[in-house]
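Take a look at the structure set out below.
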Amino acid sequence: MAAVREADLVRFFAGARPDAPRPPDLGARLLALVTRAENTWPDLPFDRARLVENIARAAGDDVETGLRDLYVEDMALALACAEGLPNALGHCDRLCAGAIAAAVARVDHSADLRDEVRQILWQRIFVGTAADAPRIHSYAGRGPLPAWVAVAAQRVALDLRRSAARSAGGDPLVDQLLPASEHPEIDYLRTRYKAEFEAAVREALGGLADRDRLLLKLTIVSGLSHEQLANIYRVNQSTITRWIARAREAVLEETERRVCAALRMPPGEFRSLAGLLLSRLDLSISRVLDTPGGE
């Protein structure tokens, strides 16, 4: 590839986001990102201008933080796949295979189901239909590409199992993914406060950073282990555990604040219910995150 000039990269950035704030070292930051991407995928001659334009759109209003948090290597691979560059799909398949297998295994360990999910997934993500553009265009690089693909994979797997269950007259495994409570007191409290509690959970999740919300979805809904997530995010397992604990605690605290406000309930009284209500927090998070628009 030809040498990269910082001034060209800044020009590409400004063309995509003319009104975005530009840190004084923007050129150097962009050069570092493009270099990382090119070093990771030396056999993929992706378009630098297109990559920087995508970076500009994904960076958000806080450009410095946005650039720092981007998974630019995965963004470059997604761009290469969208442009149909040779070897791109092979790289993506190898990168995402483990995450797809883990997500599908949460629904069923069948190799046939995994293969069917992969075929449908690749069609939706990289080919599209007459009505829908390839979904790879919606990947913004704010989380690892394997994590983004894993969420879609589990949704496809669940859809396939539910479809099969309707044909066969029911499949208890699908129901067990979001089990009902068997505790009478919990049932009573969930009936009485269900709307307020799940509305509070939804609002609390909406206030999380994208990464924290995705982590909760992958661990609670998709059932990925901390070890698997550490491999996806390329960090230590202890870091994943800390991130998830912090995200869960943030949801707990915000849920408590909102429930107390909605029910005009003092915090002490809420905590007397918390052992029962919050024992179902993962179930509530599952229901919120596993609905369309819940991501």
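If you're wondering about the labels, chains in the structure tokens are A, B, ... by order shown, residues count from 1 in each chain, ligands from 1 in order shown.
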
Would you pick out the contacts of A:Met75 at 12 Å or less, using only C-alpha atoms, so that residues sharing its chain but fewer than 4 positions from it are not included, and give the list as a PyMOL selection string? chain A and resi 33-34+36-38+40-41+46-48+50-58+69-71+79-82+88+92+136-146+148

Review point. Using only C-alpha atoms, which residues sit within 7 Å of A:Glu254 once same-chain residues fewer than 4 positions away are excluded, as a list in words?
Key: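 Near A:Glu254, the qualifying residues are Ala204, Ala250 and Arg258 of chain A.
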
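Among A:Arg257, A:Arg162, A:Arg246, A:Arg17, the residue with the shortest atom-to-atom distance to A:Ala199, counting only C-alpha atoms, is A:Arg257.
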
Correct to one decimal, the distance atom CA of A:Ala102-atom CA of A:Leu224 is 6.4 Å

Do you have the atom CA of A:Arg202-atom CA of A:Arg161 distance handy?
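Between atom CA of A:Arg202 and atom CA of A:Arg161 the gap is 26.3 Å.
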
Exercise. At what distance in Å, to one decimal, does atom CA of A:Ile100 lie from atom CA of A:Thr219?
Worked result: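 Going from atom CA of A:Thr219 over to atom CA of A:Ile100 covers 13.6 Å.
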
| task | Extract, using only C-alpha atoms, all DNA, RNA and protein residues at most 8 Å from stretch 108-123 of chain A, discarding same-chain residues fewer than 3 positions from it, and format them as a PyMOL selection string. | result | chain A and resi 100-101+104-105+126-128+134+152-153+156-157

inquiry  = I'd like to know which residues of stretch 53-122 of chain A are alpha helix (DSSP H) (by DSSP, run on the backbone); could you write them as a PyMOL selection string?
reply    = chain A and resi 53-59+63-69+72-82+88-105+111-122

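Nearest to A:Arg124 of all the residues A:Ala76, A:Val149, A:Leu252, A:Ala97 is A:Val149, based on only C-alpha atoms.
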